[in-house]
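Have a look at the structure below, then the notes.
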Amino acid sequence: MEPKADIALIGLAVMGQNLILNMNDHGFTVVAYNRTTSKVDDFVNNEAKGTKVIGAHSLAEMVALLKRPRRVMLMVKAGKAVDEFIEQLLGVLEPGDIIIDGGNSLFEDTIRRTKYVESKGLLYIGTGVSGGEEGARRGPSIMPGGSPAAWEHVKPIFQAISAKVGENVPCCDWVGEGGAGHYVKMTHNGIEYGDMQLTCEAYHLMKDGLGMTPDEMHEVFKEWNTGELDSYLVEITRDILAKKDDDGTPLVDKILDTAGQKGTGKWTVISSQDMGIPITLIAEAVYSRCVSAMKDQRVQAAKVFKPKNPKFSGDRKQWVNDIRQALYASKIISYTQGYMLMRAAAKQYGWNLNNGGIALMWRGGCIIRSAFLGDIKKAFDKKPNLDNLLLDPFFKKAIKGCARSWRKVVATAVKKGIPVPAFSTALAFFDGIRSERLPANLLQAQRDYFGAHTYERVDKPRGEFFHTNWTGTGGRVASSTYTV
Ligand code: 2AM
């Protein structure tokens, strides 16, 4: 039989199934395969009934159905399963064929796999796919990286099935070489942690500081969703706050306040530590989930240290406006930090990152989709290698406009004892990054004092290192300098 299928997809869990149906909707012929082959029949006879989807019961059968170069996409559990399938596929595919991993793989695995698959003469793509089940079915954000030569072969399929913004612009573009796609997806998840924490802090301030009800806060988020905070997360927060339990009371009040996490936020923070990049807001968001999980300890400590009066005084409408601006300013800081991280990773791993394209890929389809990302895209369109998002004229003006409210909200929350780790770390970062001189001169002196780590001087060229015998009793030998 003449090979007629455009792509094969392995892994028939819900994301895989939905991507197949999405591809089918866009006119592509897809071969479906799964380790447990009974799921192939289940899928073809149920969800995929009446479509052009072809079920395969072995990898050999699957490969024989594919047009060249063959495109095989894995949507299996991250980790061992991906390596095992790559090994099996190398046995049935040919040079020039393309293996795509669309799972939530760690970028370091993707770097390794790209090199390995390329060493066998095939091409590899590791791609982030964001948007959950619904996104996969109707249009996800897709962030592919790997072997650049593979892009032209998957581009028509990926861009057809991806989310669209504006005048049919796909939320999918080439991200960069090696593990770039999965790195950008990981950073997306980290930023998602940050955005969620920021909305939670705004909610906390309104709830405890202003004594607002979920219905009142529903109205606030509804209004916020029409302005510069227009985003999927603000939209779902609006809807969550309106949802009633069976007894007619707000469901949100009945939900236990301990957050879970799957690990991609943690990966982002670990990578930032390796790279020496301060993504303080994402780190606080990850740690805030950890604090939330310490419910028993919190209950104990609350008995001893309960704040006396968390209520803010003054005009409630004005406060809500101040909180909105504090949230917006903090969000700008979070994305500034996220882009700093991706920039450092690109340098470290030799990726030619498509900065504006990343904003566009996140603009629709994924959890952090927002109008705000349109403004980030514009900033990178103007200056593709923008060092620091804060220095873009639009964001410079936005931050300056929010500064007063931002400080007022953080200062009052601190005074009243309402925790705002993300709002306040964002402000601390802002004050740090705009300080021409920080107290690290003293820190260097301390390091030199106890460890002979040396220091540079303001009155000498950079790169010249000095050591002082601070006590008159130490030796003249300095330890070697290093930077993280
Ligand atoms: P299964 O249906 O045979 O379990 C999500 O779990 C998807 O990943 C499923 O399609 C599942 O296949 C697949 N998967 C998980 N672990 C796997 C492994 N070790 N080898 C092959 N496929 C695996």
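FYI, nothing fancy with the structure tokens labels: chains A, B, ... in order, residues from 1 per chain, ligands from 1 as they appear.
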Would you list the contacts of Ile111 (chain A) as number ranges by chain, taking every protein, DNA or RNA residue within 12 Å and counting only C-alpha atoms, but skipping same-chain residues closer than 2 positions in sequence?
-> A: 101, 105-109, 113-118, 124-127, 145-147, 176-183, 349-351
Residues from last step as file, N, CA, C and O atoms, as a compact mmCIF listing (two decimals), in the first residue's frame:
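The new file out_27.txt reads:
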```txt
# COMPACT_ATOMS: atom_id res chain seq x y z
N ASP A 101 9.33 14.75 20.42
CA ASP A 101 8.84 14.49 21.79
C ASP A 101 8.00 15.68 22.23
O ASP A 101 8.52 16.78 22.41
N SER A 105 9.25 16.92 28.93
CA SER A 105 10.59 16.42 29.23
C SER A 105 11.47 17.52 29.80
O SER A 105 11.32 18.69 29.46
N LEU A 106 12.41 17.10 30.61
CA LEU A 106 13.40 18.03 31.15
C LEU A 106 14.33 18.43 29.99
O LEU A 106 14.77 17.58 29.23
N PHE A 107 14.64 19.73 29.89
CA PHE A 107 15.40 20.22 28.72
C PHE A 107 16.76 19.53 28.59
O PHE A 107 17.25 19.34 27.48
N GLU A 108 17.35 19.13 29.71
CA GLU A 108 18.66 18.47 29.63
C GLU A 108 18.55 17.12 28.92
O GLU A 108 19.45 16.72 28.18
N ASP A 109 17.43 16.43 29.15
CA ASP A 109 17.20 15.17 28.43
C ASP A 109 17.05 15.46 26.94
O ASP A 109 17.52 14.69 26.10
N ARG A 113 19.09 13.91 23.91
CA ARG A 113 18.40 13.11 22.88
C ARG A 113 18.59 13.70 21.49
O ARG A 113 18.70 12.96 20.51
N THR A 114 18.60 15.03 21.41
CA THR A 114 18.80 15.65 20.09
C THR A 114 20.16 15.21 19.53
O THR A 114 20.26 14.79 18.37
N LYS A 115 21.18 15.29 20.36
CA LYS A 115 22.54 14.91 19.92
C LYS A 115 22.56 13.43 19.51
O LYS A 115 23.13 13.07 18.49
N TYR A 116 21.92 12.62 20.32
CA TYR A 116 21.96 11.17 20.08
C TYR A 116 21.25 10.81 18.77
O TYR A 116 21.79 10.11 17.93
N VAL A 117 20.03 11.36 18.60
CA VAL A 117 19.26 11.03 17.39
C VAL A 117 19.97 11.60 16.16
O VAL A 117 20.05 10.93 15.11
N GLU A 118 20.54 12.79 16.28
CA GLU A 118 21.27 13.37 15.15
C GLU A 118 22.50 12.51 14.81
O GLU A 118 22.85 12.37 13.64
N TYR A 124 15.59 15.47 15.32
CA TYR A 124 14.85 15.39 16.58
C TYR A 124 14.24 16.72 16.93
O TYR A 124 14.85 17.78 16.72
N ILE A 125 13.02 16.65 17.45
CA ILE A 125 12.38 17.86 17.97
C ILE A 125 11.86 17.57 19.37
O ILE A 125 11.20 16.55 19.60
N GLY A 126 12.19 18.46 20.31
CA GLY A 126 11.58 18.41 21.64
C GLY A 126 10.69 19.63 21.74
O GLY A 126 11.17 20.75 21.58
N THR A 127 9.42 19.41 21.94
CA THR A 127 8.51 20.56 21.90
C THR A 127 7.65 20.68 23.14
O THR A 127 7.13 19.67 23.64
N GLY A 145 11.74 22.97 19.61
CA GLY A 145 13.18 23.19 19.46
C GLY A 145 13.83 21.87 19.08
O GLY A 145 13.17 20.83 19.08
N GLY A 146 15.11 21.89 18.77
CA GLY A 146 15.79 20.63 18.43
C GLY A 146 16.67 20.79 17.21
O GLY A 146 17.49 21.71 17.14
N SER A 147 16.48 19.88 16.21
CA SER A 147 17.28 19.94 14.97
C SER A 147 16.63 20.97 14.04
O SER A 147 15.50 20.75 13.57
N GLY A 176 14.37 27.34 18.95
CA GLY A 176 15.83 27.32 18.91
C GLY A 176 16.34 25.89 18.91
O GLY A 176 15.56 24.93 18.90
N GLU A 177 17.66 25.76 18.96
CA GLU A 177 18.31 24.45 18.82
C GLU A 177 18.18 23.61 20.11
O GLU A 177 17.83 24.13 21.17
N GLY A 178 18.52 22.34 19.98
CA GLY A 178 18.67 21.44 21.14
C GLY A 178 17.46 21.43 22.06
O GLY A 178 16.33 21.18 21.65
N GLY A 179 17.71 21.76 23.34
CA GLY A 179 16.62 21.70 24.33
C GLY A 179 15.84 22.99 24.46
O GLY A 179 15.07 23.15 25.43
N ALA A 180 16.00 23.92 23.51
CA ALA A 180 15.39 25.25 23.65
C ALA A 180 13.87 25.21 23.83
O ALA A 180 13.30 25.95 24.64
N GLY A 181 13.21 24.33 23.08
CA GLY A 181 11.74 24.26 23.15
C GLY A 181 11.28 23.85 24.54
O GLY A 181 10.37 24.47 25.12
N HIS A 182 11.91 22.82 25.08
CA HIS A 182 11.51 22.37 26.41
C HIS A 182 11.95 23.36 27.49
O HIS A 182 11.30 23.48 28.53
N TYR A 183 13.03 24.07 27.24
CA TYR A 183 13.46 25.09 28.23
C TYR A 183 12.42 26.21 28.30
O TYR A 183 12.03 26.66 29.39
N TYR A 349 23.78 27.51 26.52
CA TYR A 349 23.62 26.30 25.72
C TYR A 349 23.78 26.53 24.22
O TYR A 349 23.59 25.62 23.42
N GLY A 350 24.06 27.78 23.84
CA GLY A 350 24.29 28.08 22.43
C GLY A 350 23.02 28.07 21.58
O GLY A 350 23.04 27.63 20.43
N TRP A 351 21.92 28.53 22.14
CA TRP A 351 20.67 28.59 21.38
C TRP A 351 20.47 29.99 20.83
O TRP A 351 20.74 30.99 21.51
```
Shell around Val30 (chain A) at 8 Å using only C-alpha atoms, local window under 5 positions removed, as an mmCIF file with all heavy atoms, in the first residue's frame:
```
data_model
loop_
_atom_site.group_PDB
_atom_site.id
_atom_site.type_symbol
_atom_site.label_atom_id
_atom_site.label_comp_id
_atom_site.auth_asym_id
_atom_site.auth_seq_id
_atom_site.Cartn_x
_atom_site.Cartn_y
_atom_site.Cartn_z
ATOM 1 N N ALA A 5 0.071 8.407 5.252
ATOM 2 C CA ALA A 5 -0.147 9.182 6.478
ATOM 3 C C ALA A 5 0.903 10.279 6.620
ATOM 4 O O ALA A 5 2.064 10.117 6.251
ATOM 5 C CB ALA A 5 -0.114 8.254 7.681
ATOM 6 N N ASP A 6 0.460 11.422 7.169
ATOM 7 C CA ASP A 6 1.341 12.582 7.316
ATOM 8 C C ASP A 6 2.226 12.475 8.553
ATOM 9 O O ASP A 6 3.348 12.979 8.567
ATOM 10 C CB ASP A 6 0.493 13.858 7.427
ATOM 11 C CG ASP A 6 -0.301 14.088 6.163
ATOM 12 O OD1 ASP A 6 0.325 14.280 5.118
ATOM 13 O OD2 ASP A 6 -1.558 14.056 6.219
ATOM 14 N N ILE A 7 1.682 11.888 9.600
ATOM 15 C CA ILE A 7 2.412 11.854 10.872
ATOM 16 C C ILE A 7 1.881 10.691 11.711
ATOM 17 O O ILE A 7 0.707 10.297 11.551
ATOM 18 C CB ILE A 7 2.252 13.213 11.619
ATOM 19 C CG1 ILE A 7 3.140 13.281 12.880
ATOM 20 C CG2 ILE A 7 0.793 13.517 11.972
ATOM 21 C CD1 ILE A 7 3.287 14.692 13.456
ATOM 22 N N ALA A 8 2.738 10.163 12.571
ATOM 23 C CA ALA A 8 2.278 9.154 13.528
ATOM 24 C C ALA A 8 2.372 9.748 14.921
ATOM 25 O O ALA A 8 3.270 10.552 15.192
ATOM 26 C CB ALA A 8 3.143 7.905 13.449
ATOM 27 N N LEU A 9 1.445 9.362 15.759
ATOM 28 C CA LEU A 9 1.512 9.815 17.156
ATOM 29 C C LEU A 9 1.424 8.605 18.079
ATOM 30 O O LEU A 9 0.520 7.782 17.952
ATOM 31 C CB LEU A 9 0.389 10.824 17.445
ATOM 32 C CG LEU A 9 0.609 11.579 18.770
ATOM 33 C CD1 LEU A 9 0.154 13.031 18.638
ATOM 34 C CD2 LEU A 9 -0.105 10.902 19.921
ATOM 35 N N ILE A 20 -4.213 14.243 18.112
ATOM 36 C CA ILE A 20 -4.529 13.490 16.889
ATOM 37 C C ILE A 20 -5.821 14.025 16.266
ATOM 38 O O ILE A 20 -5.891 14.289 15.055
ATOM 39 C CB ILE A 20 -4.681 11.979 17.193
ATOM 40 C CG1 ILE A 20 -3.329 11.386 17.595
ATOM 41 C CG2 ILE A 20 -5.270 11.243 15.995
ATOM 42 C CD1 ILE A 20 -3.397 9.927 18.059
ATOM 43 N N MET A 23 -5.240 17.339 14.677
ATOM 44 C CA MET A 23 -4.533 17.189 13.389
ATOM 45 C C MET A 23 -5.503 16.708 12.315
ATOM 46 O O MET A 23 -5.498 17.197 11.181
ATOM 47 C CB MET A 23 -3.382 16.183 13.526
ATOM 48 C CG MET A 23 -2.192 16.700 14.323
ATOM 49 S SD MET A 23 -0.995 15.357 14.591
ATOM 50 C CE MET A 23 0.200 16.174 15.644
ATOM 51 N N ASN A 24 -6.341 15.756 12.682
ATOM 52 C CA ASN A 24 -7.336 15.229 11.744
ATOM 53 C C ASN A 24 -8.281 16.340 11.261
ATOM 54 O O ASN A 24 -8.574 16.450 10.065
ATOM 55 C CB ASN A 24 -8.120 14.108 12.412
ATOM 56 C CG ASN A 24 -9.175 13.527 11.483
ATOM 57 O OD1 ASN A 24 -8.864 12.739 10.601
ATOM 58 N ND2 ASN A 24 -10.440 13.941 11.651
ATOM 59 N N LYS A 52 -10.214 10.159 9.672
ATOM 60 C CA LYS A 52 -9.242 9.480 8.809
ATOM 61 C C LYS A 52 -8.119 8.811 9.605
ATOM 62 O O LYS A 52 -7.160 8.298 9.032
ATOM 63 C CB LYS A 52 -8.603 10.513 7.862
ATOM 64 C CG LYS A 52 -9.546 11.035 6.792
ATOM 65 C CD LYS A 52 -8.766 11.819 5.742
ATOM 66 C CE LYS A 52 -8.100 13.046 6.336
ATOM 67 N NZ LYS A 52 -7.220 13.756 5.406
ATOM 68 N N VAL A 53 -8.232 8.855 10.935
ATOM 69 C CA VAL A 53 -7.167 8.308 11.782
ATOM 70 C C VAL A 53 -7.017 6.799 11.539
ATOM 71 O O VAL A 53 -8.007 6.075 11.465
ATOM 72 C CB VAL A 53 -7.474 8.561 13.280
ATOM 73 C CG1 VAL A 53 -6.436 7.887 14.168
ATOM 74 C CG2 VAL A 53 -7.549 10.056 13.559
ATOM 75 N N ILE A 54 -5.748 6.366 11.380
ATOM 76 C CA ILE A 54 -5.485 4.934 11.155
ATOM 77 C C ILE A 54 -4.825 4.357 12.405
ATOM 78 O O ILE A 54 -3.865 4.928 12.920
ATOM 79 C CB ILE A 54 -4.503 4.739 9.965
ATOM 80 C CG1 ILE A 54 -4.981 5.518 8.723
ATOM 81 C CG2 ILE A 54 -4.325 3.258 9.636
ATOM 82 C CD1 ILE A 54 -3.919 5.635 7.646
#
```
Could you list, with a cut-off of 7 Å and counting only C-alpha atoms and all ligand atoms, the residues of chain A near ligand 1, each shown with its nearest atom pair and the distance in Å rounded to one decimal, rows sorted by chain and ascending number, as CSV?
```
residue,atom,partner,partner_atom_place_in_ligand_line,distance
A:Ile10,CA,ligand 1,10 (O),6.9
A:Gly11,CA,ligand 1,10 (O),3.4
A:Leu12,CA,ligand 1,10 (O),4.4
A:Ala13,CA,ligand 1,10 (O),4.8
A:Asn34,CA,ligand 1,10 (O),5.5
A:Arg35,CA,ligand 1,3 (O),4.0
A:Thr36,CA,ligand 1,3 (O),3.8
A:Lys39,CA,ligand 1,2 (O),6.6
A:Met75,CA,ligand 1,7 (C),6.4
A:Val76,CA,ligand 1,8 (O),3.4
A:Lys77,CA,ligand 1,8 (O),4.3
A:Lys80,CA,ligand 1,19 (N),6.1
A:Ala81,CA,ligand 1,18 (C),4.0
A:Glu84,CA,ligand 1,20 (N),6.7
A:Phe85,CA,ligand 1,21 (C),6.9
```
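Comparing A:Pro69, A:Gly211, A:Gly364, A:Gly357 by their smallest distance to Gly139 (chain A), the closest is A:Gly364 (using only C-alpha atoms).
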Using only C-alpha atoms, determine which residues lie at most 10 Å from Val477 (chain A), disregarding the query and same-chain residues fewer than 4 positions distant; provide the list as an mmCIF file with N, CA and C atoms, in the first residue's frame.
```
data_model
loop_
_atom_site.group_PDB
_atom_site.id
_atom_site.type_symbol
_atom_site.label_atom_id
_atom_site.label_comp_id
_atom_site.auth_asym_id
_atom_site.auth_seq_id
_atom_site.Cartn_x
_atom_site.Cartn_y
_atom_site.Cartn_z
ATOM 1 N N ALA A 452 39.954 35.399 52.152
ATOM 2 C CA ALA A 452 40.925 35.910 51.176
ATOM 3 C C ALA A 452 40.413 35.733 49.750
ATOM 4 N N HIS A 453 39.116 36.067 49.536
ATOM 5 C CA HIS A 453 38.501 35.846 48.215
ATOM 6 C C HIS A 453 38.791 36.975 47.226
ATOM 7 N N THR A 454 39.428 38.028 47.688
ATOM 8 C CA THR A 454 39.829 39.206 46.886
ATOM 9 C C THR A 454 38.627 40.065 46.486
ATOM 10 N N HIS A 467 43.776 41.966 47.484
ATOM 11 C CA HIS A 467 43.556 41.306 48.776
ATOM 12 C C HIS A 467 44.163 42.177 49.867
ATOM 13 N N THR A 468 43.437 42.323 50.953
ATOM 14 C CA THR A 468 43.944 43.115 52.077
ATOM 15 C C THR A 468 44.184 42.201 53.265
ATOM 16 N N ASN A 469 45.242 42.463 53.953
ATOM 17 C CA ASN A 469 45.503 41.749 55.206
ATOM 18 C C ASN A 469 44.771 42.523 56.307
#
```
Length of the CA of Ala346 (chain A) to CA of Leu391 (chain A) vector [Å] |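 Computing it gives 20.2 Å between the two atoms.
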Kindly give the distance, in Å, that separates CA of Asp253 (chain A) and CA of Ala202 (chain A), rounded to a single decimal.
-> 15.7 Å
note - CA of Ser424 (chain A) and CA of Met186 (chain A) are separated by 23.9 Å
Could you name the residues that touch Asn309 (chain A) at 12 Å or less, counting only C-alpha atoms, but leaving out those on the same chain fewer than 5 positions away, as a PyMOL selection string?
-> chain A and resi 208-211+412-413+415-418
DSSP-assigned strand (DSSP E or B) members of region 38-281 of chain A, reported as a PyMOL selection string | chain A and resi 54-55+66+71-74+98-101+123-130+141-146+164-165+169-170+172+176-177+231+244+250
Each region 71-189 of chain A residue no farther than 12 Å from region 282-297 of chain A, nearest pair in Å, only C-alpha atoms, as JSON lines:
```
{"residue": "A:Met186", "atom": "CA", "partner": "A:Ile282", "partner_atom": "CA", "distance": 11.7}
{"residue": "A:Thr187", "atom": "CA", "partner": "A:Ile282", "partner_atom": "CA", "distance": 9.5}
{"residue": "A:His188", "atom": "CA", "partner": "A:Ile282", "partner_atom": "CA", "distance": 10.6}
{"residue": "A:Asn189", "atom": "CA", "partner": "A:Ile282", "partner_atom": "CA", "distance": 9.5}
```
Go ahead and save the residues from that selection, with all heavy atoms, as a short mmCIF file (atom, residue, chain, number, x, y, z; two decimals), in the first residue's frame.
```
data_model
loop_
_atom_site.label_atom_id
_atom_site.label_comp_id
_atom_site.auth_asym_id
_atom_site.auth_seq_id
_atom_site.Cartn_x
_atom_site.Cartn_y
_atom_site.Cartn_z
N MET A 186 9.42 25.04 30.07
CA MET A 186 9.67 25.00 31.51
C MET A 186 9.55 26.41 32.09
O MET A 186 8.90 26.62 33.14
CB MET A 186 11.07 24.43 31.77
CG MET A 186 11.47 24.41 33.22
SD MET A 186 13.22 23.98 33.42
CE MET A 186 13.98 25.56 33.02
N THR A 187 10.14 27.38 31.41
CA THR A 187 10.07 28.77 31.88
C THR A 187 8.62 29.24 31.88
O THR A 187 8.18 29.95 32.79
CB THR A 187 10.95 29.69 31.01
OG1 THR A 187 12.25 29.13 30.94
CG2 THR A 187 11.03 31.10 31.56
N HIS A 188 7.87 28.86 30.85
CA HIS A 188 6.44 29.17 30.81
C HIS A 188 5.76 28.67 32.08
O HIS A 188 4.99 29.40 32.72
CB HIS A 188 5.81 28.53 29.56
CG HIS A 188 4.31 28.38 29.64
ND1 HIS A 188 3.71 27.37 30.36
CD2 HIS A 188 3.32 29.12 29.12
CE1 HIS A 188 2.39 27.51 30.28
NE2 HIS A 188 2.12 28.56 29.53
N ASN A 189 6.05 27.46 32.47
CA ASN A 189 5.41 26.90 33.67
C ASN A 189 5.83 27.66 34.92
O ASN A 189 5.03 27.88 35.81
CB ASN A 189 5.74 25.42 33.81
CG ASN A 189 4.98 24.57 32.81
OD1 ASN A 189 4.61 25.06 31.74
ND2 ASN A 189 4.74 23.33 33.13
#
```
For Phe312 (chain A), which residue among A:Leu256, A:Met212, A:Ile367, A:Ala326 is the nearest when counting only C-alpha atoms?
-> A:Met212
